[in-house]
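See structure below.
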Amino acid sequence: MKNDGADRRYTDVDVICQFSADGHIMPIKIRTQDEEGEYQTFVIKQFKQVSLSTSETQHDGIYTSTDSIVFDCCITVFNVKRIIRLYFDKRYAVWHMTT
């Protein structure tokens, strides 16, 4: 049976980020496709890097390891502030989002 993505806990996203001189990542924007396949871009208003000490399953069901970097971010969708969680997998250089 083909997985249509309906049971996935996360969404793949494009992320524009900046790296500081000391190597810290600062996410700036995300881009994702909506239900109609149109790309939507959102500016990250605030973010906080989540500390990870070991491999563990996060509260949203996503498994993280020492190869993961996690951010809690604030974006505005239709004039409503929303908190999202971004996951960066250093092994594969990919970003995922949960809401």
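Each chain of the structure tokens is named A, B, ... in the order shown, its residues numbered from 1; ligands are numbered from 1 in display order.
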
**Study point:** Filtered DSSP result for chain A, state strand (DSSP E or B), as a VMD selection string
**Key:** chain A and resid 11 to 12 14 to 19 25 to 33 39 to 43 46 to 50 56 to 57 63 to 64 68 to 77 80 to 89 94 to 98

Practice item. List the neighbours of region 35-44 of chain A out to 6 Å using only C-alpha atoms; skip same-chain residues closer than 5 positions along the sequence, and give me the result as a ChimeraX atom specification. Key: /A:28-30,74-75

Same residues, C-alpha atoms, saved as a CSV table (one decimal), in the first residue's frame:
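Once written, again.csv looks like this:
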```
chain,number,residue,atom,x,y,z
A,28,ILE,CA,14.7,33.0,9.1
A,29,LYS,CA,11.9,31.7,6.8
A,30,ILE,CA,10.1,28.5,6.0
A,74,CYS,CA,6.8,31.6,16.0
A,75,ILE,CA,5.2,32.3,12.7
```

Exercise for review: Mind giving me the straight-line distance from CA of Val15 (chain A) to CA of Phe78 (chain A) in Å, one decimal?
Suggested key: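 Rounded to one decimal, the two atoms are 19.7 Å apart.
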
Check your understanding: Leaving out region 51-56 of chain A and any residue of its chain fewer than 6 positions from it, which residues lie within 7 Å of it when counting only C-alpha atoms, given as a list in words?
Key -> Tyr63, Thr64, Ser65 and Thr66 of chain A

Taking N, CA and C atoms for each residue, export the selection above as a PDB file, in the first residue's frame.
```
ATOM      1  N   TYR A  63      11.279  11.244  16.749  1.00  0.00           N
ATOM      2  CA  TYR A  63      12.500  10.719  17.371  1.00  0.00           C
ATOM      3  C   TYR A  63      13.675  11.611  16.982  1.00  0.00           C
ATOM      4  N   THR A  64      14.460  12.027  17.965  1.00  0.00           N
ATOM      5  CA  THR A  64      15.636  12.853  17.711  1.00  0.00           C
ATOM      6  C   THR A  64      16.872  12.155  18.261  1.00  0.00           C
ATOM      7  N   SER A  65      18.005  12.512  17.690  1.00  0.00           N
ATOM      8  CA  SER A  65      19.282  11.959  18.147  1.00  0.00           C
ATOM      9  C   SER A  65      20.279  13.100  18.274  1.00  0.00           C
ATOM     10  N   THR A  66      21.515  12.749  18.541  1.00  0.00           N
ATOM     11  CA  THR A  66      22.549  13.781  18.633  1.00  0.00           C
ATOM     12  C   THR A  66      22.833  14.407  17.271  1.00  0.00           C
TER      13      THR A  66
END
```

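Nearest-residue note for His96 (chain A): choosing from A:Lys48, A:Arg31, A:Arg82, A:His24, the minimum distance belongs to A:Arg31, counting only C-alpha atoms.
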
Practice item. Tell me, as a PyMOL selection string, which residues lie within 12 Å of Asp89 (chain A), counting only C-alpha atoms; anything in the same chain fewer than 2 positions away does not count. Key: chain A and resi 12+62-71+86-87+91-97

Review point. Suppose you want the space between CA of Asp60 (chain A) and CA of Thr99 (chain A); what is it in Å?
Key: 8.6 Å
